[in-house]
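Please read the structure below before turning to the comments.
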Amino acid sequence: MADLERVEDFPRYVDRRGTGSSKWDAVTERFGVADALPLWVADGDFSAPKAVQEAIRKRAEHPIYGYSEYTEGFYESIEDWYRRRFGWEIEREWIVPEHGVVLSLNLAIEAYTEVGEGVIVQTPIYPPFLKAVRHHRRKLLENPLQVTPEGCRIDFDDLEAKASEAKLLLLCSPHNPSGRAWSDEELERIAEIAEKYDLIVVSDEIHSDIVYTRPHRPLASLPGMRERSLVLHAPSKTFNIAGLNTSYALIPNDSLRRRYIAAHERAGLDNGNVFGIVALEAAYREGEAWLEAMLEIYRENIAYVRDFLAQHTPKIRPLPVEATYLIWLDCRELGLEDEALQSFFLQEAQLALNPGISFGKEGSGFMRLNVATSGENLEEAMTRLERAYRERFA
């Protein structure tokens, strides 16, 4: 493991059981197996940066937790973060504070499309993408990703065919669940198709701070995309503060921004989370060293799982992970139907993972594993998996 003791502010594993944690305390209710080890929902088991803890503690000392405005520091910290991390100069007026990226997906669909109009998603995909399109009664246009040994790839011929009957593309960049960090060439091709077919692109970039292979490129920073795209982001995955429900949309185009804000206001949304506001500013201003240490833990956890699977469960093949702390496991060689595959992991290996089929039919035969936990938990998980694998498939 990395020599994290040399980092002044580094992540520490924390036992979350008994805290109302969705990941840990809802396992029995969700999966029906009390002793299953949870490696599912995408949040982590590590302490947030000390600066975030201190900012929340200081704010909590004030005895009133009333309606709160987004502060000047909130906006400045986002601008500074994008300048430092992505080399992109954003403008204050582009920033629209929000209560969550999934909420923003729903508002964007409502703002930019009408009932029955086409919305493209690239499956397999984070389930709320699919739910949002169906909930708003839009026409779901699936652009299935192609699975290769090097990871998922976009079928651009199919994307262009779907673009001709769509108004909106929901992009996940980096991609959840496959862990792809889209290349500049892929993003530029998406931009070309969007311009050709007058598509608006909503880019969920919530995992953009957790990239290992190449610098992340915000979609709206590409030539021509300022006028037809918006970026959704939050510190939640980056700094493990998802429960504070604080995010933002970056919308450079005035018209798109006004339409989004109108949808926001129709939903009756106002004011921010009093603790989320100070946490975001503290994380972006003082959390970078913590993040670099966290990324090293993720790298090592991913490498451990990949090596273990290759040696002990060769019919379970992890796709390469370029971003996120999620591993997309190709289990098709096991020869199990999806229900039986889920039962194998849950009942026989006693592991609670996200079933691939929940990400769309292209996820059939896959499982999603979250490595944002301790090395000890992952060792236990792999021991359980190897034991079950040997009993069933060896």
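Each chain of the structure tokens is named A, B, ... in the order shown, its residues numbered from 1; ligands are numbered from 1 in display order.
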
For region 325-345 of chain A versus region 297-315 of chain A, which residues have an atom no more than 12 Å away, and what is each residue's nearest atom pair and distance in Å rounded to one decimal, using only C-alpha atoms, chain-then-number order, as CSV?
residue,atom,partner,partner_atom,distance
A:Tyr325,CA,A:Tyr298,CA,6.2
A:Leu326,CA,A:Ile302,CA,8.4
A:Ile327,CA,A:Ile302,CA,7.6
A:Trp328,CA,A:Arg306,CA,10.8
A:Leu329,CA,A:Arg306,CA,9.8
A:Asp330,CA,A:Lys315,CA,8.3
A:Cys331,CA,A:Lys315,CA,6.6
A:Arg332,CA,A:Lys315,CA,7.9
A:Glu333,CA,A:Lys315,CA,5.5
A:Leu334,CA,A:Lys315,CA,6.1
A:Gly335,CA,A:Lys315,CA,9.5
A:Leu336,CA,A:Lys315,CA,11.5

Quiz item: Do you know which residues are at most 12 Å from Ser374 (chain A) counting only C-alpha atoms, after dropping those on the same chain fewer than 5 positions away, and could you put them as a list of chain:residue names?
Solution: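 Everything that qualifies: A:Met1, A:Pro11, A:Arg12, A:Tyr13, A:Val14, A:Asp15, A:Arg16, A:Leu37, A:Pro38, A:Leu39, A:Gly44, A:Asp45, A:Phe46, A:Ser47, A:Met294, A:Ile297, A:Tyr298, A:Glu300, A:Asn301, A:Ile302, A:Tyr304, A:Glu379, A:Glu380, A:Ala381.
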
Only N, CA, C and O atoms, please: the residues just picked out, written as a CSV table (one decimal), in the first residue's frame.
chain,number,residue,atom,x,y,z
A,1,MET,N,0.8,-1.2,0.0
A,1,MET,CA,0.0,0.0,0.0
A,1,MET,C,0.9,1.3,0.0
A,1,MET,O,2.1,1.2,0.3
A,11,PRO,N,-6.9,10.0,3.6
A,11,PRO,CA,-8.2,9.3,3.9
A,11,PRO,C,-8.0,8.1,4.8
A,11,PRO,O,-7.0,7.4,4.7
A,12,ARG,N,-8.9,8.0,5.7
A,12,ARG,CA,-8.8,6.8,6.6
A,12,ARG,C,-10.1,6.0,6.5
A,12,ARG,O,-11.2,6.6,6.4
A,13,TYR,N,-10.0,4.7,6.5
A,13,TYR,CA,-11.2,3.8,6.5
A,13,TYR,C,-12.0,4.0,7.8
A,13,TYR,O,-11.4,4.1,8.8
A,14,VAL,N,-13.3,4.1,7.6
A,14,VAL,CA,-14.2,4.3,8.8
A,14,VAL,C,-15.3,3.2,8.7
A,14,VAL,O,-15.9,3.1,7.6
A,15,ASP,N,-15.6,2.5,9.8
A,15,ASP,CA,-16.7,1.6,9.8
A,15,ASP,C,-18.0,2.4,9.9
A,15,ASP,O,-18.2,3.1,10.8
A,16,ARG,N,-18.8,2.2,8.8
A,16,ARG,CA,-20.0,3.0,8.7
A,16,ARG,C,-21.3,2.3,9.2
A,16,ARG,O,-22.4,2.9,9.2
A,37,LEU,N,-21.3,-8.7,2.1
A,37,LEU,CA,-20.4,-7.6,2.1
A,37,LEU,C,-20.7,-6.6,1.0
A,37,LEU,O,-20.8,-6.9,-0.1
A,38,PRO,N,-21.0,-5.3,1.4
A,38,PRO,CA,-21.5,-4.3,0.4
A,38,PRO,C,-20.4,-3.7,-0.4
A,38,PRO,O,-19.6,-3.0,0.1
A,39,LEU,N,-20.5,-4.0,-1.7
A,39,LEU,CA,-19.6,-3.4,-2.7
A,39,LEU,C,-20.4,-2.8,-3.8
A,39,LEU,O,-20.1,-3.0,-5.0
A,44,GLY,N,-18.0,5.9,-0.9
A,44,GLY,CA,-16.8,5.3,-0.3
A,44,GLY,C,-16.9,5.2,1.2
A,44,GLY,O,-17.7,5.7,1.9
A,45,ASP,N,-15.9,4.5,1.8
A,45,ASP,CA,-15.8,4.2,3.2
A,45,ASP,C,-14.7,4.9,3.8
A,45,ASP,O,-14.1,4.5,4.8
A,46,PHE,N,-14.3,6.1,3.3
A,46,PHE,CA,-13.1,6.8,3.8
A,46,PHE,C,-13.5,8.2,4.3
A,46,PHE,O,-14.5,8.8,3.8
A,47,SER,N,-12.9,8.6,5.3
A,47,SER,CA,-13.1,10.0,5.9
A,47,SER,C,-12.9,11.1,4.9
A,47,SER,O,-12.0,11.0,4.1
A,294,MET,N,-6.2,9.7,-2.0
A,294,MET,CA,-7.3,8.8,-2.3
A,294,MET,C,-7.2,8.1,-3.6
A,294,MET,O,-7.5,6.9,-3.8
A,297,ILE,N,-5.0,5.1,-3.3
A,297,ILE,CA,-5.7,4.0,-2.7
A,297,ILE,C,-6.5,3.3,-3.8
A,297,ILE,O,-6.5,2.0,-3.9
A,298,TYR,N,-7.3,4.1,-4.6
A,298,TYR,CA,-8.1,3.5,-5.6
A,298,TYR,C,-7.3,2.7,-6.6
A,298,TYR,O,-7.6,1.6,-7.0
A,300,GLU,N,-4.4,1.2,-6.2
A,300,GLU,CA,-3.9,0.0,-5.6
A,300,GLU,C,-5.1,-1.1,-5.4
A,300,GLU,O,-4.9,-2.3,-5.6
A,301,ASN,N,-6.2,-0.6,-5.0
A,301,ASN,CA,-7.4,-1.5,-4.8
A,301,ASN,C,-7.8,-2.1,-6.2
A,301,ASN,O,-8.1,-3.3,-6.3
A,302,ILE,N,-7.8,-1.3,-7.2
A,302,ILE,CA,-8.2,-1.8,-8.5
A,302,ILE,C,-7.2,-2.8,-9.0
A,302,ILE,O,-7.5,-3.9,-9.5
A,304,TYR,N,-5.2,-4.7,-7.2
A,304,TYR,CA,-5.3,-5.9,-6.4
A,304,TYR,C,-6.5,-6.8,-6.9
A,304,TYR,O,-6.3,-8.0,-7.1
A,379,GLU,N,-10.0,-7.9,0.5
A,379,GLU,CA,-9.4,-9.2,0.6
A,379,GLU,C,-10.4,-10.2,1.1
A,379,GLU,O,-10.5,-11.3,0.6
A,380,GLU,N,-11.3,-9.8,2.0
A,380,GLU,CA,-12.4,-10.7,2.4
A,380,GLU,C,-13.3,-11.0,1.3
A,380,GLU,O,-13.8,-12.1,1.1
A,381,ALA,N,-13.6,-9.9,0.5
A,381,ALA,CA,-14.5,-10.1,-0.7
A,381,ALA,C,-13.9,-11.1,-1.7
A,381,ALA,O,-14.7,-12.0,-2.2

What are the nearest atom pairs, with distances in Å to one decimal, for all residues of region 149-265 of chain A that come at most 12 Å from region 282-293 of chain A, using only C-alpha atoms, set out by chain and rising residue number as a tab-separated table?
residue	atom	partner	partner_atom	distance
A:Asp209	CA	A:Leu291	CA	8.5
A:Ile210	CA	A:Leu291	CA	8.7
A:Val211	CA	A:Glu292	CA	10.9
A:Tyr212	CA	A:Glu292	CA	10.9
A:Ala234	CA	A:Tyr284	CA	10.4
A:Pro235	CA	A:Ala283	CA	7.5
A:Ser236	CA	A:Ala283	CA	9.9
A:Lys237	CA	A:Leu291	CA	10.7
A:Thr238	CA	A:Leu291	CA	7.2
A:Phe239	CA	A:Ala283	CA	7.0
A:Asn240	CA	A:Leu291	CA	10.1
A:Ile241	CA	A:Ala283	CA	9.6

Could you save the residues just selected, with N, CA, C and O atoms, as an mmCIF file, in the first residue's frame?
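And here's selection17.cif as it stands now:
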data_model
loop_
_atom_site.group_PDB
_atom_site.id
_atom_site.type_symbol
_atom_site.label_atom_id
_atom_site.label_comp_id
_atom_site.auth_asym_id
_atom_site.auth_seq_id
_atom_site.Cartn_x
_atom_site.Cartn_y
_atom_site.Cartn_z
ATOM 1 N N ASP A 209 -13.020 13.912 -11.505
ATOM 2 C CA ASP A 209 -11.826 14.097 -10.673
ATOM 3 C C ASP A 209 -11.121 12.780 -10.375
ATOM 4 O O ASP A 209 -10.048 12.778 -9.773
ATOM 5 N N ILE A 210 -11.743 11.663 -10.799
ATOM 6 C CA ILE A 210 -11.193 10.343 -10.490
ATOM 7 C C ILE A 210 -10.833 9.664 -11.811
ATOM 8 O O ILE A 210 -11.502 8.749 -12.286
ATOM 9 N N VAL A 211 -9.765 10.150 -12.431
ATOM 10 C CA VAL A 211 -9.317 9.667 -13.742
ATOM 11 C C VAL A 211 -7.842 9.302 -13.627
ATOM 12 O O VAL A 211 -7.056 10.040 -13.028
ATOM 13 N N TYR A 212 -7.456 8.164 -14.225
ATOM 14 C CA TYR A 212 -6.098 7.644 -14.068
ATOM 15 C C TYR A 212 -5.252 7.701 -15.336
ATOM 16 O O TYR A 212 -4.027 7.695 -15.248
ATOM 17 N N ALA A 234 -20.139 17.698 -9.207
ATOM 18 C CA ALA A 234 -20.336 17.810 -7.763
ATOM 19 C C ALA A 234 -19.074 17.318 -7.076
ATOM 20 O O ALA A 234 -18.316 16.535 -7.643
ATOM 21 N N PRO A 235 -18.855 17.753 -5.842
ATOM 22 C CA PRO A 235 -17.721 17.222 -5.073
ATOM 23 C C PRO A 235 -18.053 15.899 -4.389
ATOM 24 O O PRO A 235 -17.227 15.355 -3.667
ATOM 25 N N SER A 236 -19.231 15.373 -4.619
ATOM 26 C CA SER A 236 -19.735 14.243 -3.830
ATOM 27 C C SER A 236 -18.925 12.975 -3.989
ATOM 28 O O SER A 236 -18.518 12.360 -2.996
ATOM 29 N N LYS A 237 -18.672 12.533 -5.237
ATOM 30 C CA LYS A 237 -17.865 11.328 -5.438
ATOM 31 C C LYS A 237 -16.400 11.603 -5.125
ATOM 32 O O LYS A 237 -15.700 10.760 -4.568
ATOM 33 N N THR A 238 -15.942 12.786 -5.495
ATOM 34 C CA THR A 238 -14.533 13.142 -5.330
ATOM 35 C C THR A 238 -14.106 13.086 -3.874
ATOM 36 O O THR A 238 -13.054 12.524 -3.545
ATOM 37 N N PHE A 239 -14.920 13.676 -2.998
ATOM 38 C CA PHE A 239 -14.523 13.832 -1.603
ATOM 39 C C PHE A 239 -15.394 13.030 -0.630
ATOM 40 O O PHE A 239 -15.323 13.238 0.576
ATOM 41 N N ASN A 240 -16.216 12.140 -1.166
ATOM 42 C CA ASN A 240 -17.047 11.261 -0.348
ATOM 43 C C ASN A 240 -18.001 12.051 0.545
ATOM 44 O O ASN A 240 -18.105 11.806 1.754
ATOM 45 N N ILE A 241 -18.739 13.001 -0.072
ATOM 46 C CA ILE A 241 -19.691 13.821 0.681
ATOM 47 C C ILE A 241 -21.052 13.845 -0.022
ATOM 48 O O ILE A 241 -21.751 14.857 -0.018
#

Self-check item: Separation of CA of Asp254 (chain A) from CA of Arg226 (chain A) in Å
Solution: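 Value for the CA of Arg226 (chain A)-CA of Asp254 (chain A) distance: 10.0 Å.
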
Quiz item: Which of these residues is nearest to Leu369 (chain A), using only C-alpha atoms: A:Glu296, A:Asp43, A:Glu79, A:Asp204?
Solution: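 Closest candidate: A:Asp43.
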
Any chance you could tabulate, as a tab-separated table, the residues of region 295-387 of chain A at most 10 Å from region 148-159 of chain A with each one's nearest atom pair and distance in Å to one decimal, using only C-alpha atoms, in chain and rising number order?
residue	atom	partner	partner_atom	distance
A:Arg317	CA	A:Pro149	CA	9.3
A:Pro318	CA	A:Gly151	CA	9.2
A:Leu319	CA	A:Gly151	CA	5.5
A:Pro320	CA	A:Gly151	CA	5.8
A:Val321	CA	A:Gly151	CA	8.0
A:Glu322	CA	A:Gly151	CA	9.0
A:Trp328	CA	A:Gly151	CA	9.4

Any chance you can output those residues with N, CA and C atoms as a CSV table (one decimal), in the first residue's frame?
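Saved file out_7.csv follows:
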chain,number,residue,atom,x,y,z
A,317,ARG,N,-13.9,-11.5,-15.8
A,317,ARG,CA,-12.9,-10.7,-16.5
A,317,ARG,C,-13.2,-9.2,-16.2
A,318,PRO,N,-12.4,-8.5,-15.5
A,318,PRO,CA,-12.7,-7.0,-15.3
A,318,PRO,C,-12.3,-6.2,-16.5
A,319,LEU,N,-13.1,-5.3,-16.9
A,319,LEU,CA,-12.7,-4.4,-18.0
A,319,LEU,C,-11.7,-3.4,-17.5
A,320,PRO,N,-10.8,-2.9,-18.3
A,320,PRO,CA,-9.8,-1.9,-17.8
A,320,PRO,C,-10.5,-0.7,-17.2
A,321,VAL,N,-9.9,-0.2,-16.1
A,321,VAL,CA,-10.5,0.9,-15.4
A,321,VAL,C,-9.7,2.1,-15.7
A,322,GLU,N,-10.2,3.1,-16.4
A,322,GLU,CA,-9.5,4.3,-16.7
A,322,GLU,C,-10.0,5.5,-15.8
A,328,TRP,N,-16.2,-2.9,-13.8
A,328,TRP,CA,-17.2,-3.6,-14.6
A,328,TRP,C,-16.8,-5.0,-14.9

Could you tell me, as an mmCIF file with N, CA and C atoms, in the first residue's frame, which residues of region 198-381 of chain A DSSP assigns to strand (DSSP E or B) when given the backbone?
data_model
loop_
_atom_site.group_PDB
_atom_site.id
_atom_site.type_symbol
_atom_site.label_atom_id
_atom_site.label_comp_id
_atom_site.auth_asym_id
_atom_site.auth_seq_id
_atom_site.Cartn_x
_atom_site.Cartn_y
_atom_site.Cartn_z
ATOM 1 N N ILE A 200 -28.531 18.940 -28.236
ATOM 2 C CA ILE A 200 -28.049 19.453 -26.959
ATOM 3 C C ILE A 200 -27.468 18.261 -26.200
ATOM 4 N N VAL A 201 -26.302 18.448 -25.580
ATOM 5 C CA VAL A 201 -25.653 17.360 -24.857
ATOM 6 C C VAL A 201 -25.546 17.727 -23.380
ATOM 7 N N VAL A 202 -26.083 16.851 -22.545
ATOM 8 C CA VAL A 202 -25.960 16.986 -21.098
ATOM 9 C C VAL A 202 -24.877 16.010 -20.648
ATOM 10 N N SER A 203 -23.781 16.527 -20.127
ATOM 11 C CA SER A 203 -22.623 15.694 -19.776
ATOM 12 C C SER A 203 -22.496 15.559 -18.268
ATOM 13 N N ASP A 204 -22.802 14.364 -17.768
ATOM 14 C CA ASP A 204 -22.626 14.049 -16.354
ATOM 15 C C ASP A 204 -21.146 13.756 -16.123
ATOM 16 N N VAL A 211 -9.765 10.150 -12.431
ATOM 17 C CA VAL A 211 -9.317 9.667 -13.742
ATOM 18 C C VAL A 211 -7.842 9.302 -13.627
ATOM 19 N N SER A 229 -24.132 22.579 -24.918
ATOM 20 C CA SER A 229 -23.922 21.555 -23.891
ATOM 21 C C SER A 229 -23.897 22.175 -22.503
ATOM 22 N N LEU A 230 -24.114 21.315 -21.523
ATOM 23 C CA LEU A 230 -23.936 21.697 -20.136
ATOM 24 C C LEU A 230 -23.222 20.573 -19.404
ATOM 25 N N VAL A 231 -22.415 20.948 -18.428
ATOM 26 C CA VAL A 231 -21.635 20.009 -17.629
ATOM 27 C C VAL A 231 -22.253 19.932 -16.241
ATOM 28 N N LEU A 232 -22.477 18.711 -15.759
ATOM 29 C CA LEU A 232 -22.983 18.496 -14.414
ATOM 30 C C LEU A 232 -21.863 17.925 -13.557
ATOM 31 N N HIS A 233 -21.657 18.528 -12.396
ATOM 32 C CA HIS A 233 -20.557 18.079 -11.548
ATOM 33 C C HIS A 233 -20.927 18.296 -10.084
ATOM 34 N N SER A 247 -24.493 20.139 -5.631
ATOM 35 C CA SER A 247 -23.882 19.974 -6.950
ATOM 36 C C SER A 247 -24.028 21.285 -7.710
ATOM 37 N N TYR A 248 -23.689 21.241 -9.003
ATOM 38 C CA TYR A 248 -23.858 22.430 -9.831
ATOM 39 C C TYR A 248 -23.850 22.034 -11.299
ATOM 40 N N ALA A 249 -24.464 22.885 -12.098
ATOM 41 C CA ALA A 249 -24.408 22.754 -13.552
ATOM 42 C C ALA A 249 -23.601 23.916 -14.093
ATOM 43 N N LEU A 250 -22.770 23.631 -15.099
ATOM 44 C CA LEU A 250 -22.035 24.680 -15.825
ATOM 45 C C LEU A 250 -22.697 24.827 -17.188
ATOM 46 N N ARG A 317 -13.907 -11.545 -15.828
ATOM 47 C CA ARG A 317 -12.900 -10.671 -16.451
ATOM 48 C C ARG A 317 -13.247 -9.194 -16.235
ATOM 49 N N PRO A 318 -12.437 -8.476 -15.472
ATOM 50 C CA PRO A 318 -12.693 -7.046 -15.277
ATOM 51 C C PRO A 318 -12.278 -6.244 -16.511
ATOM 52 N N ALA A 323 -11.096 5.276 -15.131
ATOM 53 C CA ALA A 323 -11.658 6.311 -14.266
ATOM 54 C C ALA A 323 -12.664 5.665 -13.319
ATOM 55 N N LEU A 326 -15.010 2.123 -9.728
ATOM 56 C CA LEU A 326 -15.929 1.045 -10.047
ATOM 57 C C LEU A 326 -15.286 0.104 -11.068
ATOM 58 N N ILE A 327 -15.487 -1.191 -10.883
ATOM 59 C CA ILE A 327 -14.969 -2.177 -11.831
ATOM 60 C C ILE A 327 -16.153 -2.890 -12.468
ATOM 61 N N TRP A 328 -16.165 -2.927 -13.791
ATOM 62 C CA TRP A 328 -17.225 -3.570 -14.566
ATOM 63 C C TRP A 328 -16.752 -4.985 -14.884
ATOM 64 N N LEU A 329 -17.391 -5.948 -14.235
ATOM 65 C CA LEU A 329 -16.966 -7.344 -14.315
ATOM 66 C C LEU A 329 -17.730 -8.080 -15.412
ATOM 67 N N ASP A 330 -17.002 -8.604 -16.377
ATOM 68 C CA ASP A 330 -17.594 -9.415 -17.440
ATOM 69 C C ASP A 330 -17.658 -10.854 -16.951
ATOM 70 N N LEU A 351 -21.723 -11.493 -1.474
ATOM 71 C CA LEU A 351 -21.272 -10.166 -1.884
ATOM 72 C C LEU A 351 -22.435 -9.405 -2.503
ATOM 73 N N ALA A 352 -22.624 -8.174 -2.063
ATOM 74 C CA ALA A 352 -23.687 -7.328 -2.597
ATOM 75 C C ALA A 352 -23.097 -6.364 -3.618
ATOM 76 N N ASN A 354 -23.825 -4.388 -7.672
ATOM 77 C CA ASN A 354 -24.892 -3.950 -8.576
ATOM 78 C C ASN A 354 -24.970 -4.896 -9.760
ATOM 79 N N PRO A 355 -26.147 -5.488 -10.024
ATOM 80 C CA PRO A 355 -26.285 -6.368 -11.187
ATOM 81 C C PRO A 355 -26.197 -5.583 -12.484
ATOM 82 N N PHE A 366 -23.004 -8.979 -16.662
ATOM 83 C CA PHE A 366 -21.987 -8.183 -15.977
ATOM 84 C C PHE A 366 -22.412 -7.912 -14.540
ATOM 85 N N MET A 367 -21.454 -7.528 -13.713
ATOM 86 C CA MET A 367 -21.694 -7.051 -12.354
ATOM 87 C C MET A 367 -20.781 -5.856 -12.118
ATOM 88 N N ARG A 368 -21.242 -4.895 -11.291
ATOM 89 C CA ARG A 368 -20.420 -3.726 -10.978
ATOM 90 C C ARG A 368 -19.940 -3.798 -9.535
ATOM 91 N N LEU A 369 -18.616 -3.662 -9.366
ATOM 92 C CA LEU A 369 -17.985 -3.782 -8.057
ATOM 93 C C LEU A 369 -17.338 -2.456 -7.671
ATOM 94 N N ASN A 370 -17.588 -2.008 -6.448
ATOM 95 C CA ASN A 370 -17.074 -0.753 -5.922
ATOM 96 C C ASN A 370 -15.859 -1.039 -5.034
#

Self-check item: Nearest candidate to Phe31 (chain A) (options A:Glu188, A:Arg137, A:Leu346, A:His216; using only C-alpha atoms)
Solution: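 Closest to Phe31 (chain A) of all the choices is A:Leu346.
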
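Picture a line from CA of Glu339 (chain A) to CA of Lys361 (chain A); it runs 13.0 Å.
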
Self-check item: Residue among A:Pro127, A:Val41, A:Ile90, A:Glu376 lying closest to Ser77 (chain A), counting only C-alpha atoms
Solution: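 Closest to Ser77 (chain A) of all the choices is A:Ile90.
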
Quiz item: Got a sec to tell me which of region 94-252 of chain A DSSP assigns to helix (DSSP H, G or I), as number ranges by chain?
Solution: A: 94, 101-112, 127-135, 156-163, 184-196, 219-221, 236-239, 242-244

Self-check item: Closest of A:Trp40, A:Phe393, A:Tyr112, A:Phe86 to Leu199 (chain A) - atom-to-atom distances counting only C-alpha atoms
Solution: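 When distances to Leu199 (chain A) are compared using only C-alpha atoms, the smallest one comes from A:Tyr112.
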
Exercise. Measuring atom to atom with only C-alpha atoms, identify which of A:Ala220, A:Ala55, A:Ala42, A:Ala108 is nearest to His264 (chain A).
Key: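 So, comparing all the options, the nearest one is A:Ala108.
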
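Near Ile357 (chain A), within a cut-off of 9 Å and counting only C-alpha atoms, sit the residues Pro124, Asp338, Gly363, Ser364, Gly365, Phe366 and Met367 of chain A, with same-chain residues fewer than 6 positions away left out.
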
Dump of C-alpha atoms for the selected residues, as a CSV table (one decimal), in the first residue's frame:
chain,number,residue,atom,x,y,z
A,124,PRO,CA,-25.0,0.1,-20.2
A,338,ASP,CA,-28.8,-12.7,-15.0
A,363,GLY,CA,-25.3,-5.0,-19.0
A,364,SER,CA,-26.6,-8.6,-19.1
A,365,GLY,CA,-23.9,-10.9,-17.8
A,366,PHE,CA,-22.0,-8.2,-16.0
A,367,MET,CA,-21.7,-7.1,-12.4

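Remark: for Ile206 (chain A), the closest of the candidate residues A:Ile56, A:Ala163, A:Cys172, A:Leu219 is A:Cys172 (distances computed over only C-alpha atoms).
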
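If you look at CA of His135 (chain A) and CA of His207 (chain A), they are 24.3 Å away from each other.
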
With the cut-off set at 7 Å and counting only C-alpha atoms, tabulate each residue of region 43-148 of chain A with an atom at most that distance from an atom of region 270-278 of chain A, showing the nearest atom pair and its distance in Å to one decimal, ordered by chain and increasing number, as a Markdown table.
| residue | atom | partner | partner_atom | distance |
| --- | --- | --- | --- | --- |
| A:Ala55 | CA | A:Val278 | CA | 6.1 |
| A:Ile56 | CA | A:Phe275 | CA | 5.8 |
| A:Tyr65 | CA | A:Val274 | CA | 6.6 |
| A:Tyr67 | CA | A:Asn271 | CA | 6.1 |
| A:Ser68 | CA | A:Asn271 | CA | 5.7 |
| A:Glu69 | CA | A:Asn271 | CA | 5.8 |
| A:Tyr70 | CA | A:Ile277 | CA | 6.6 |
| A:Phe74 | CA | A:Ile277 | CA | 6.4 |

May I have the selected residues written with N, CA, C and O atoms, as a PDB file, in the first residue's frame?
ATOM      1  N   ALA A  55     -14.816  22.599   8.431  1.00  0.00           N
ATOM      2  CA  ALA A  55     -15.748  23.605   7.943  1.00  0.00           C
ATOM      3  C   ALA A  55     -17.169  23.296   8.407  1.00  0.00           C
ATOM      4  O   ALA A  55     -17.916  24.198   8.812  1.00  0.00           O
ATOM      5  N   ILE A  56     -17.553  22.027   8.353  1.00  0.00           N
ATOM      6  CA  ILE A  56     -18.885  21.638   8.812  1.00  0.00           C
ATOM      7  C   ILE A  56     -19.008  21.824  10.319  1.00  0.00           C
ATOM      8  O   ILE A  56     -20.022  22.334  10.824  1.00  0.00           O
ATOM      9  N   TYR A  65     -29.681  27.040  11.574  1.00  0.00           N
ATOM     10  CA  TYR A  65     -29.432  26.353  10.306  1.00  0.00           C
ATOM     11  C   TYR A  65     -30.560  26.678   9.328  1.00  0.00           C
ATOM     12  O   TYR A  65     -31.230  25.801   8.789  1.00  0.00           O
ATOM     13  N   TYR A  67     -32.450  29.036   6.030  1.00  0.00           N
ATOM     14  CA  TYR A  67     -32.232  29.156   4.588  1.00  0.00           C
ATOM     15  C   TYR A  67     -30.891  29.823   4.328  1.00  0.00           C
ATOM     16  O   TYR A  67     -30.538  30.815   4.944  1.00  0.00           O
ATOM     17  N   SER A  68     -30.157  29.266   3.360  1.00  0.00           N
ATOM     18  CA  SER A  68     -28.789  29.732   3.131  1.00  0.00           C
ATOM     19  C   SER A  68     -28.564  30.048   1.661  1.00  0.00           C
ATOM     20  O   SER A  68     -28.983  29.295   0.782  1.00  0.00           O
ATOM     21  N   GLU A  69     -27.879  31.144   1.415  1.00  0.00           N
ATOM     22  CA  GLU A  69     -27.512  31.551   0.066  1.00  0.00           C
ATOM     23  C   GLU A  69     -26.172  30.918  -0.320  1.00  0.00           C
ATOM     24  O   GLU A  69     -25.358  30.563   0.546  1.00  0.00           O
ATOM     25  N   TYR A  70     -25.945  30.791  -1.620  1.00  0.00           N
ATOM     26  CA  TYR A  70     -24.639  30.336  -2.116  1.00  0.00           C
ATOM     27  C   TYR A  70     -23.670  31.506  -2.038  1.00  0.00           C
ATOM     28  O   TYR A  70     -23.913  32.572  -2.606  1.00  0.00           O
ATOM     29  N   PHE A  74     -18.236  30.009  -2.530  1.00  0.00           N
ATOM     30  CA  PHE A  74     -18.757  28.832  -3.232  1.00  0.00           C
ATOM     31  C   PHE A  74     -18.430  28.938  -4.715  1.00  0.00           C
ATOM     32  O   PHE A  74     -17.862  28.017  -5.317  1.00  0.00           O
TER      33      PHE A  74
END
